[in-house]
Every structure is written in C-alpha cells, then in structure tokens.
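Participant: mmCIF, C-alpha atoms, saved as protein-v5.cif, coming up:
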```cif
data_start
loop_
_atom_site.label_atom_id
_atom_site.label_comp_id
_atom_site.auth_asym_id
_atom_site.auth_seq_id
_atom_site.Cartn_x
_atom_site.Cartn_y
_atom_site.Cartn_z
CA ARG A 57 0.00 0.00 0.00
CA SER A 58 1.09 3.59 -0.66
CA SER A 59 0.76 4.46 3.05
CA ASP A 60 3.17 1.64 3.93
CA LEU A 61 5.64 2.92 1.36
CA ILE A 62 5.45 6.45 2.78
CA VAL A 63 6.07 5.14 6.31
CA SER A 64 8.97 3.08 4.95
CA PHE A 65 10.42 6.14 3.23
CA LYS A 66 10.16 8.16 6.48
CA LYS A 67 11.90 5.38 8.42
CA GLU A 68 14.60 5.29 5.74
CA ASN A 69 15.17 9.03 6.19
CA GLU A 70 15.32 8.61 9.98
CA LYS A 71 17.83 5.79 9.62
CA SER A 72 19.86 7.87 7.18
CA TYR A 73 19.87 10.76 9.65
CA ASN A 74 21.02 8.58 12.55
CA HIS A 75 23.76 6.77 10.64
CA SER A 76 25.10 9.64 8.49
CA LEU A 77 26.26 12.07 11.14
CA ASN A 78 29.54 12.58 9.28
CA ARG A 79 27.82 13.29 5.97
CA ASN A 80 28.40 16.73 4.47
CA TYR A 81 24.84 18.04 4.29
CA GLY A 82 26.14 21.36 2.97
CA LEU A 83 27.03 19.74 -0.35
CA ASP A 84 23.61 18.05 -0.46
CA LEU A 85 22.01 21.45 0.08
CA LEU A 86 24.19 22.90 -2.68
CA LYS A 87 22.93 20.25 -5.11
CA ILE A 88 19.35 21.29 -4.37
CA PHE A 89 20.26 24.96 -4.81
CA ALA A 90 22.07 24.07 -8.05
CA MET A 91 19.00 22.34 -9.50
CA ILE A 92 16.82 25.37 -8.66
CA ASN A 93 19.36 27.52 -10.51
CA ILE A 94 19.24 25.20 -13.53
CA ILE A 95 15.47 25.78 -13.71
CA ASN A 96 16.12 29.48 -13.24
CA LEU A 97 18.64 29.40 -16.09
CA HIS A 98 16.14 27.68 -18.40
CA ILE A 99 13.51 30.31 -17.59
CA ASN A 100 16.01 33.08 -18.35
CA ASN A 101 17.03 31.44 -21.64
CA SER A 102 13.41 31.10 -22.72
CA PHE A 103 12.98 34.83 -22.15
CA LEU A 104 16.27 35.87 -23.77
CA ASN A 105 15.73 33.73 -26.89
CA LEU A 106 12.41 35.38 -27.69
CA ARG A 107 12.04 38.70 -29.46
CA VAL A 108 12.53 41.41 -26.89
CA LYS A 109 14.27 44.75 -26.95
CA LYS A 110 17.82 43.79 -26.08
CA ASN A 111 18.91 47.13 -24.71
CA ASN A 112 16.22 47.63 -22.09
CA ASP A 113 16.75 47.37 -18.34
CA LYS A 114 14.73 44.19 -17.86
CA TYR A 115 16.80 42.39 -20.50
CA LYS A 116 19.99 43.41 -18.68
CA LYS A 117 18.60 42.24 -15.36
CA ILE A 118 17.77 38.85 -16.87
CA ILE A 119 21.36 38.61 -18.15
CA LEU A 120 22.59 39.50 -14.65
CA LEU A 121 20.44 36.71 -13.21
CA GLU A 122 21.82 34.36 -15.87
CA ALA A 123 25.39 35.30 -14.90
CA PHE A 124 24.55 34.34 -11.31
CA SER A 125 23.02 31.01 -12.39
CA PHE A 126 25.47 29.48 -14.88
CA TRP A 127 27.59 27.48 -12.40
CA PRO A 128 25.39 24.43 -11.47
CA VAL A 129 26.67 21.95 -14.09
CA ASP A 130 30.27 22.58 -12.99
CA ALA A 131 29.21 22.23 -9.35
CA PHE A 132 27.46 18.90 -10.01
CA GLY A 133 30.54 17.52 -11.77
CA LEU A 134 32.89 18.68 -9.01
CA ILE A 135 30.66 17.34 -6.21
CA SER A 136 30.49 13.96 -7.98
CA GLY A 137 34.28 13.78 -7.72
CA ILE A 138 34.43 15.05 -4.13
CA ILE A 139 32.07 12.38 -2.79
CA GLY A 140 32.57 9.59 -5.35
CA TYR A 141 36.31 9.27 -5.89
CA LYS A 142 36.76 6.26 -3.57
CA LYS A 143 34.67 3.83 -5.58
CA CYS A 144 32.28 3.81 -8.50
CA LYS A 145 29.06 1.81 -8.61
CA PHE A 146 28.05 0.85 -12.14
CA SER A 147 24.58 0.14 -10.73
CA ASN A 148 24.14 3.92 -10.39
CA ALA A 149 24.44 4.31 -14.17
CA ILE A 150 21.85 1.56 -14.71
CA TYR A 151 19.53 3.18 -12.16
CA ILE A 152 19.85 6.63 -13.79
CA TYR A 153 19.11 5.12 -17.20
CA LEU A 154 15.98 3.36 -15.90
CA GLU A 155 14.78 6.61 -14.33
CA TYR A 156 15.48 8.34 -17.61
CA PHE A 157 13.69 5.65 -19.64
CA TYR A 158 10.70 5.77 -17.28
CA TYR A 159 10.21 9.51 -17.77
CA SER A 160 10.88 9.33 -21.50
CA ILE A 161 8.03 6.85 -21.90
CA ILE A 162 5.53 8.15 -19.32
CA ILE A 163 5.83 11.86 -20.12
CA SER A 164 6.05 11.30 -23.89
CA LEU A 165 2.79 9.30 -23.82
CA TYR A 166 1.19 12.10 -21.81
CA LEU A 167 2.36 14.76 -24.27
CA TYR A 168 1.30 12.62 -27.24
CA ASN A 169 -2.16 12.19 -25.75
CA LYS A 170 -2.41 15.98 -25.33
CA LEU A 171 -1.36 16.44 -28.99
CA LEU A 172 1.82 18.21 -27.82
CA LEU A 173 4.09 15.53 -29.32
CA ASP A 174 4.08 13.98 -32.78
CA SER A 175 4.55 10.27 -33.54
CA LYS A 176 8.18 10.75 -34.64
CA ASN A 177 9.21 12.28 -31.30
CA LEU A 178 7.17 9.65 -29.47
CA PHE A 179 9.21 6.96 -31.23
CA LEU A 180 12.46 8.78 -30.38
CA SER A 181 11.48 8.70 -26.70
CA LEU A 182 12.09 4.93 -26.81
CA TYR A 183 15.78 5.75 -27.37
CA PRO A 184 16.45 8.39 -24.71
CA LEU A 185 20.25 8.13 -24.91
CA GLY A 186 21.75 10.39 -27.53
CA ILE A 187 18.99 13.02 -27.58
CA TYR A 188 20.66 16.42 -27.16
CA ARG A 189 17.87 17.93 -25.07
CA PHE A 190 18.85 15.52 -22.28
CA TRP A 191 22.59 15.89 -22.80
CA PHE A 192 23.21 16.15 -19.03
CA VAL A 193 21.83 12.70 -18.24
CA ASN A 194 23.49 11.27 -21.36
CA ALA A 195 26.81 12.71 -20.25
CA TYR A 196 26.40 11.37 -16.71
CA ILE A 197 25.62 7.84 -17.90
CA LEU A 198 28.58 7.83 -20.31
CA MET A 199 30.81 9.25 -17.58
CA TYR A 200 29.88 6.35 -15.28
CA LEU A 201 31.14 3.90 -17.92
CA PHE A 202 34.64 5.39 -17.61
CA LEU A 203 34.67 5.94 -13.86
CA PRO A 204 35.88 2.43 -12.82
CA PHE A 205 39.14 3.12 -14.67
CA ILE A 206 39.32 6.77 -13.56
CA THR A 207 38.75 6.05 -9.85
CA LYS A 208 41.36 3.29 -9.86
CA SER A 209 43.94 5.70 -11.32
CA ILE A 210 42.94 8.52 -8.97
CA ASN A 211 43.43 6.36 -5.87
CA SER A 212 46.89 5.20 -6.98
CA ILE A 213 48.43 8.47 -8.23
CA ASP A 214 50.73 10.53 -5.96
CA LYS A 215 49.84 14.09 -4.95
CA ASN A 216 52.64 15.80 -6.89
CA LEU A 217 51.67 14.25 -10.22
CA PHE A 218 47.97 14.69 -9.47
CA SER A 219 48.52 18.42 -8.76
CA LYS A 220 50.33 18.90 -12.07
CA LEU A 221 47.53 17.09 -13.85
CA ILE A 222 44.88 19.36 -12.29
CA ILE A 223 46.84 22.52 -13.14
CA SER A 224 47.18 21.30 -16.73
CA TYR A 225 43.44 20.60 -16.99
CA LEU A 226 42.50 24.01 -15.61
CA PHE A 227 44.94 25.86 -17.84
CA ILE A 228 44.35 24.00 -21.13
CA TYR A 229 40.61 23.36 -20.99
CA SER A 230 39.55 26.58 -19.26
CA ILE A 231 41.99 29.52 -19.40
CA TYR A 232 43.75 28.66 -22.68
CA HIS A 233 40.43 27.61 -24.25
CA ILE A 234 38.85 31.01 -23.48
CA LEU A 235 41.95 32.95 -24.65
CA ILE A 236 41.93 31.13 -28.00
CA GLU A 237 38.21 31.80 -28.48
CA TYR A 238 38.63 35.45 -27.54
CA ASN A 239 41.48 36.04 -30.01
CA ILE A 240 40.60 33.66 -32.84
CA GLY A 241 36.93 32.86 -32.36
CA LYS A 242 37.15 29.11 -32.95
CA THR A 243 39.03 26.27 -31.28
CA ASN A 244 39.70 22.59 -31.83
CA PHE A 245 38.13 21.67 -28.49
CA ASP A 246 35.03 20.28 -30.20
CA PHE A 247 35.18 17.10 -28.09
CA ILE A 248 34.29 19.22 -25.04
CA ASN A 249 31.26 20.59 -26.93
CA ARG A 250 31.22 23.83 -24.91
CA GLY A 251 31.01 21.75 -21.73
CA TYR A 252 27.91 19.82 -22.86
CA SER A 253 29.66 16.45 -22.84
CA SER A 254 30.77 13.50 -20.73
CA ILE A 255 34.41 14.51 -21.35
CA TRP A 256 33.88 17.80 -19.53
CA LEU A 257 32.07 16.04 -16.68
CA LEU A 258 34.99 13.60 -16.40
CA ILE A 259 37.43 16.51 -16.15
CA LEU A 260 35.26 18.07 -13.43
CA PHE A 261 35.03 14.70 -11.64
CA ILE A 262 38.84 14.39 -11.57
CA ILE A 263 39.23 17.96 -10.27
CA GLY A 264 36.53 17.27 -7.67
CA ALA A 265 38.30 14.07 -6.63
CA TYR A 266 41.47 16.10 -6.05
CA ILE A 267 39.51 18.43 -3.75
CA GLY A 268 37.90 15.46 -1.99
CA ILE A 269 41.24 13.75 -1.33
CA TYR A 270 43.42 16.70 -0.32
CA TYR A 271 41.10 19.59 0.62
CA LYS A 272 37.92 17.96 1.92
CA ASN A 273 38.45 19.20 5.48
CA ARG A 274 40.66 22.17 4.68
CA GLN A 275 39.45 25.75 4.88
CA PHE A 276 41.49 28.45 3.12
CA PHE A 277 39.70 31.35 4.83
CA SER A 278 38.49 31.42 8.42
CA ASN A 279 35.29 33.24 7.46
CA ILE A 280 33.26 31.24 4.92
CA ILE A 281 31.41 34.43 3.88
CA PHE A 282 34.57 35.26 1.93
CA TYR A 283 33.78 32.38 -0.46
CA PHE A 284 30.31 33.81 -1.06
CA LEU A 285 31.80 37.23 -1.79
CA ILE A 286 34.09 35.62 -4.39
CA TYR A 287 31.00 34.10 -6.01
CA ILE A 288 29.30 37.54 -6.10
CA LEU A 289 32.42 39.20 -7.53
CA PHE A 290 32.92 36.74 -10.39
CA SER A 291 29.20 36.72 -11.17
CA PHE A 292 29.41 40.48 -11.72
CA ILE A 293 32.59 40.10 -13.81
CA THR A 294 30.74 37.60 -16.02
CA TYR A 295 27.77 39.97 -16.27
CA MET A 296 29.86 43.04 -17.12
CA HIS A 297 31.64 41.15 -19.86
CA ALA A 298 28.30 39.91 -21.23
CA ILE A 299 26.76 43.36 -21.61
CA TYR A 300 29.93 45.01 -22.93
CA ASN A 301 28.72 44.96 -26.56
CA ILE A 302 25.00 45.42 -25.99
CA HIS A 303 25.04 49.14 -26.76
CA LYS A 304 27.00 48.45 -29.96
CA ASN A 305 25.08 45.61 -31.61
CA TYR A 306 22.32 44.75 -29.10
CA GLN A 307 23.82 41.29 -28.59
CA PRO A 308 25.43 40.32 -25.27
CA ASN A 309 28.97 38.95 -25.38
CA LYS A 310 28.58 35.56 -23.66
CA LEU A 311 32.13 34.28 -24.06
CA LEU A 312 32.45 33.93 -20.29
CA MET A 313 29.02 32.29 -20.02
CA GLU A 314 30.31 28.84 -20.87
CA TYR A 315 30.79 25.90 -18.52
CA TYR A 316 34.56 25.90 -19.13
CA SER A 317 34.85 29.66 -18.47
CA PRO A 318 37.31 30.51 -15.64
CA THR A 319 34.77 32.87 -14.05
CA ILE A 320 32.03 30.21 -14.03
CA MET A 321 34.42 27.62 -12.61
CA ILE A 322 35.51 30.03 -9.86
CA GLN A 323 31.82 30.59 -9.04
CA ALA A 324 31.37 26.81 -8.69
CA PHE A 325 34.56 26.42 -6.61
CA SER A 326 33.64 29.26 -4.26
CA LEU A 327 30.09 27.94 -3.66
CA ILE A 328 31.42 24.42 -3.05
CA PHE A 329 33.83 25.67 -0.38
CA PHE A 330 31.09 27.89 1.09
CA PHE A 331 28.51 25.10 1.38
CA LYS A 332 31.09 22.44 2.26
CA ASN A 333 32.05 24.41 5.36
CA PHE A 334 28.48 25.42 6.14
CA GLN A 335 27.54 23.58 9.31
CA ILE A 336 24.00 22.18 9.26
CA LYS A 337 22.91 20.93 12.67
CA ASN A 338 19.14 21.33 12.58
CA LYS A 339 17.53 17.88 12.58
CA TYR A 340 14.46 18.97 10.61
CA LEU A 341 16.48 20.76 7.94
CA ILE A 342 18.62 17.63 7.57
CA LYS A 343 15.48 15.53 7.11
CA ILE A 344 14.23 17.88 4.38
CA ILE A 345 17.59 17.74 2.62
CA MET A 346 17.69 13.94 2.80
CA PHE A 347 14.11 13.72 1.57
CA LEU A 348 14.86 15.89 -1.50
CA ASN A 349 18.32 14.44 -2.17
CA PRO A 350 17.23 11.26 -4.06
CA LEU A 351 14.61 13.28 -6.00
CA ASN A 352 16.88 16.14 -7.00
CA PHE A 353 18.52 14.73 -10.15
CA ASN A 354 15.26 13.97 -11.96
CA VAL A 355 13.82 17.45 -11.40
CA SER A 356 15.71 18.60 -14.50
CA LEU A 357 14.27 15.75 -16.60
CA ILE A 358 10.68 16.46 -15.56
CA HIS A 359 11.13 20.19 -15.96
CA LEU A 360 12.53 19.83 -19.48
CA ARG A 361 9.87 17.36 -20.61
CA ILE A 362 6.75 18.90 -19.08
CA PHE A 363 7.46 22.60 -18.68
CA ARG A 364 10.13 23.67 -21.13
CA SER A 365 8.79 21.52 -23.98
CA ASN A 366 5.32 22.99 -23.51
CA LEU A 367 5.05 26.00 -25.84
CA LYS A 368 1.80 27.20 -24.26
CA PHE A 369 3.42 27.24 -20.83
CA ASN A 370 6.51 29.03 -22.16
CA ASN A 371 4.45 31.69 -23.93
CA LYS A 372 2.41 32.37 -20.80
CA LEU A 373 5.60 32.50 -18.73
CA PHE A 374 7.19 34.91 -21.23
CA ILE A 375 4.16 37.22 -21.10
CA TYR A 376 4.17 37.05 -17.30
CA ILE A 377 7.88 37.97 -17.07
CA LYS A 378 7.51 40.68 -19.72
CA GLN A 379 4.67 42.29 -17.74
CA MET A 380 6.46 41.80 -14.44
CA SER A 381 7.56 45.00 -12.69
CA HIS A 382 11.26 45.63 -12.13
CA ASP A 383 10.77 45.60 -8.38
CA TYR A 384 12.06 42.38 -6.82
CA LEU A 385 12.46 40.81 -10.30
CA PHE A 386 15.15 38.39 -9.03
CA PHE A 387 12.99 37.16 -6.17
CA LYS A 388 9.95 36.69 -8.40
CA ILE A 389 11.84 34.60 -10.99
CA TYR A 390 13.51 32.57 -8.23
CA GLY A 391 10.03 32.11 -6.74
CA ILE A 392 8.83 30.60 -10.04
CA SER A 393 11.90 28.33 -10.06
CA PHE A 394 11.14 27.17 -6.50
CA ILE A 395 7.53 26.36 -7.41
CA ILE A 396 8.57 24.38 -10.50
CA TYR A 397 11.25 22.58 -8.47
CA PHE A 398 8.84 21.37 -5.79
CA ILE A 399 6.19 20.34 -8.33
CA CYS A 400 8.82 18.26 -10.15
CA ALA A 401 10.16 16.86 -6.85
CA PHE A 402 6.63 15.74 -5.90
CA VAL A 403 6.22 14.02 -9.28
CA ASP A 404 9.54 12.24 -8.80
CA TYR A 405 8.55 11.23 -5.27
CA LEU A 406 5.76 9.14 -6.82
CA ARG A 407 8.34 7.57 -9.14
CA HIS A 408 10.61 6.95 -6.14
CA LEU A 409 7.81 5.07 -4.33
CA LEU A 410 7.11 2.97 -7.45
CA PHE A 411 10.80 2.10 -7.90
CA LYS A 412 11.02 1.22 -4.22
CA LEU A 413 7.98 -1.05 -4.54
CA LEU A 414 9.47 -2.77 -7.62
CA LYS A 415 12.92 -3.01 -5.94
CA ILE A 416 14.62 -1.35 -8.91
CA ARG A 417 17.72 -0.42 -6.90
CA GLN A 418 18.24 -4.07 -5.90
CA LEU A 419 17.75 -5.09 -9.53
CA CYS A 420 20.49 -2.68 -10.64
CA ILE A 421 22.87 -4.02 -7.99
CA TYR A 422 22.06 -7.57 -9.11
CA ILE A 423 22.84 -6.69 -12.74
CA GLU A 424 26.11 -5.07 -11.65
CA THR A 425 27.20 -8.17 -9.69
CA LYS A 426 26.40 -10.42 -12.66
CA LEU A 427 28.33 -8.22 -15.08
CA PHE A 428 31.43 -7.70 -12.93
CA LYS A 429 31.65 -10.72 -10.65
#
```
Since I need it in another form, could you write the structure as structure tokens?
Facilitator:
Amino acid sequence: RSSDLIVSFKKENEKSYNHSLNRNYGLDLLKIFAMINIINLHINNSFLNLRVKKNNDKYKKIILLEAFSFWPVDAFGLISGIIGYKKCKFSNAIYIYLEYFYYSIIISLYLYNKLLLDSKNLFLSLYPLGIYRFWFVNAYILMYLFLPFITKSINSIDKNLFSKLIISYLFIYSIYHILIEYNIGKTNFDFINRGYSSIWLLILFIIGAYIGIYYKNRQFFSNIIFYFLIYILFSFITYMHAIYNIHKNYQPNKLLMEYYSPTIMIQAFSLIFFFKNFQIKNKYLIKIIMFLNPLNFNVSLIHLRIFRSNLKFNNKLFIYIKQMSHDYLFFKIYGISFIIYFICAFVDYLRHLLFKLLKIRQLCIYIETKLFK
C-alpha cells in the first residue's frame, strides 16, 4: 500500500539521519540549490531567446540573473568527484538510465495524448540516450562507464603528479580555451562541446576528486562568507563582460558564459567551499535535505519534458515575465523556479515510491554483480 511505502520512506530518512552524522549536508544542500538555478537558467534562456528589446533594463537584469546562475553543471561535476572518488558503482548508471527511460516513456505518452508531441518524437522517446535535449543525463551515464578506470587511477596516483595534472586541466581546458576563443573565435576543443559532454564532466570529476582527497576538510579562509563574496564578484565580472557589446550591436557577449569559463568555474569552486564548510545541525532541515536528495537529479528531466517543452506554458511564462515590474524581479523569478522545483520533486517522489515497490535499486545491484563478478 502507498501508506506503507510512505512510512517506509520516512523510516529510511530517519535511519539515514542517525547513521550519516559525518555526511556533508552542505554539499547536499548545494545540489538542491544548483538544481533550482538550472530551472532558473532555463527560464532566463526562454525569455532571452524570444524577441525582446535587447537594450532595455529588464533584459539586462535577466542577463545578470543568468550570470549568477550558470555554475550548477560545474558544481554537479565537481561534487560527484568530491564524494565519489573512492569507488564507483556501475549500478548507479543503470539506475539513472531506468529513471530516464521511465520519464521518457511516461511523459512522452502524456504529451502525445495531449497532442503536444508527434509520432516521430514519441518513437524517439524509446531511445532516450543520444537526444541532445537531455545531454546532461546522457553525459552522466557515459561518464559512469569510464569511472571504474578513472577512480582506480585517482586512488593510486601521488599528490605531486595529481597536482600537475589538475593545473594542466584548468589551464588547457579553461583559461587557454577562453583565450583562444577570444582572439581567434574558434578552437579545436570540439570534443568538449562547450562543456555539454561527458568529457567535460569527467574533467570536473577528476578535479573534484582532487579536492575530496586533499582539501575535503581544509578551509582556506576562516570566514566562509569570503567564499560567497568571491561568487558575487565573479558573477558580476561575467555579467559586465556579457553586456559590454549590448550598446553596440544589441547582442550580449557571452564568451564567459560557458561551462569551461574561468569565471564560471571560480563561481562553482567558491560555492562548493562555502557550502562544504556550512555547518547544518538542525535535525528537521537535515530531514528535508535527505528527503529531496534522491529526488533532485530527476527534477531537471521532468522540468525539461513537461514545462520547457510545452510551448503554451513558455508563452504564458514569457508574457508574465515581460509584464512583471522591475521591483524584486530576481525574487519573483527565483520564486517561479522554486515552485517548479517542488512540483517536479513531488512528481519524482511518486516515481521513487514505485521504484522502491518494484525493488529497482536491488535489480540494478544484481545486474552489476552479474556483469562484474
């Protein structure tokens, strides 16, 4: 019965709370905040891609909000390395794919029934891997296929060589990459695909693993507010660079609004160190975090399939934002993102209960043991 499942889920959270006292809940909270910012970023992009006057104040404020919200993908990749460098479970990749397949089928049938999806796209939903719209999940699944080899190397390499490797990654794939684009306009880093790829997530995972091994309990500044101020500073640098050409050609310069941008990476680093050192002691807040934690990843899938793919919803949202007053614009758009997040989290909670009833997690572990025994 559903009531039994809910009770079971509550007991599971209580057990998790009692036996995970050393868990870094700050990073879990950051993942939730990151997913809300991903929704926020999608809302901003929907507004910016439509025909609006690109030199008005509201347009600039939306770009400012975008500059503050571009870091989540880098943060997710880094956190994966910080907490997952010790061992990699292939069953996680299988589980993510089954979640992905579930939503591809269920939501596509819903959209098809509402005449919001044609038969061709319905057929494509049977093959969720490889569809660009869901590049993030694709990249995560492909990354998991390489992680057994990556984690084994990470745990056997010495600190000196590892440090040189990290410095090389940061210089070549971030700083040098941006400098080449700024001066030439095109690079040969197509395999990174502007950060929309499993290769970029693997690079972030390795950098995150370095932080997890050598700097997990280290604090560079005694006051963690300093990390938040760094985030604010580099968000404004990204924004100022973006609007530099608006008065000339009405198009923002978004060179620094890329996942491999040094300013975006510094934003992600600073927020990770801020939340990592943020002490969460409240029992009820911990329970909320642990309740949302297993639902967080799929919020993006549901949001993309139900909300962002719905043209009627997007048009209404665009009109609402366009008519919105300038007062408290940031808070209003974040409020919309919060509402969408919790609607999607509730939808995924129902999926979580179904998967728990069907013992999908145990099935994935069983498949993993059969494949790698």
Participant: Given the choices A:Tyr141, A:Asn333, A:Ile259, A:Ile421, which gets closest to Phe282 of chain A if the distance is worked out from all atoms listed in the file?
Facilitator: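 That would be A:Asn333, the residue with the smallest distance to Phe282 of chain A.
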Participant: Go through A:Ile197, A:Ile99, A:Ile118, A:Leu419 one by one, measure the shortest atom-to-atom distance of each to Tyr153 of chain A using only C-alpha atoms, and give the residue with the smallest value.
Facilitator: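 For Tyr153 of chain A, the nearest of the given residues is A:Ile197.
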Participant: Work out how far atom CA of Ile342 of chain A is from atom CA of Asp404 of chain A, in Å to one decimal.
Facilitator: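 Taking atom CA of Asp404 of chain A as the start and atom CA of Ile342 of chain A as the end point, the length is 19.5 Å.
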Participant: What is the distance between atom CA of Tyr397 of chain A and atom CA of Val355 of chain A, in Å to one decimal?
Facilitator: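 These two atoms are separated by 6.4 Å.
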Participant: Within 12 Å of (30.0, 23.9, -7.9), only C-alpha atoms: residues as a compact mmCIF listing (two decimals) with C-alpha atoms, in the coordinates of the input?
Facilitator:
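This is the output file out_26.txt:
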```txt
# COMPACT_ATOMS: atom_id res chain seq x y z
CA GLY A 82 26.14 21.36 2.97
CA LEU A 83 27.03 19.74 -0.35
CA ASP A 84 23.61 18.05 -0.46
CA LEU A 85 22.01 21.45 0.08
CA LEU A 86 24.19 22.90 -2.68
CA LYS A 87 22.93 20.25 -5.11
CA ILE A 88 19.35 21.29 -4.37
CA PHE A 89 20.26 24.96 -4.81
CA ALA A 90 22.07 24.07 -8.05
CA MET A 91 19.00 22.34 -9.50
CA ASN A 93 19.36 27.52 -10.51
CA SER A 125 23.02 31.01 -12.39
CA PHE A 126 25.47 29.48 -14.88
CA TRP A 127 27.59 27.48 -12.40
CA PRO A 128 25.39 24.43 -11.47
CA VAL A 129 26.67 21.95 -14.09
CA ASP A 130 30.27 22.58 -12.99
CA ALA A 131 29.21 22.23 -9.35
CA PHE A 132 27.46 18.90 -10.01
CA GLY A 133 30.54 17.52 -11.77
CA LEU A 134 32.89 18.68 -9.01
CA ILE A 135 30.66 17.34 -6.21
CA SER A 136 30.49 13.96 -7.98
CA GLY A 137 34.28 13.78 -7.72
CA ILE A 138 34.43 15.05 -4.13
CA LEU A 257 32.07 16.04 -16.68
CA LEU A 260 35.26 18.07 -13.43
CA PHE A 261 35.03 14.70 -11.64
CA ILE A 263 39.23 17.96 -10.27
CA GLY A 264 36.53 17.27 -7.67
CA ILE A 267 39.51 18.43 -3.75
CA TYR A 283 33.78 32.38 -0.46
CA TYR A 287 31.00 34.10 -6.01
CA TYR A 315 30.79 25.90 -18.52
CA THR A 319 34.77 32.87 -14.05
CA ILE A 320 32.03 30.21 -14.03
CA MET A 321 34.42 27.62 -12.61
CA ILE A 322 35.51 30.03 -9.86
CA GLN A 323 31.82 30.59 -9.04
CA ALA A 324 31.37 26.81 -8.69
CA PHE A 325 34.56 26.42 -6.61
CA SER A 326 33.64 29.26 -4.26
CA LEU A 327 30.09 27.94 -3.66
CA ILE A 328 31.42 24.42 -3.05
CA PHE A 329 33.83 25.67 -0.38
CA PHE A 330 31.09 27.89 1.09
CA PHE A 331 28.51 25.10 1.38
CA LYS A 332 31.09 22.44 2.26
```
Participant: Can you work out the spacing between atom CA of Met380 of chain A and atom CA of Ile358 of chain A in Å, to one decimal?
Facilitator: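 Value for the atom CA of Met380 of chain A-atom CA of Ile358 of chain A distance: 25.7 Å.
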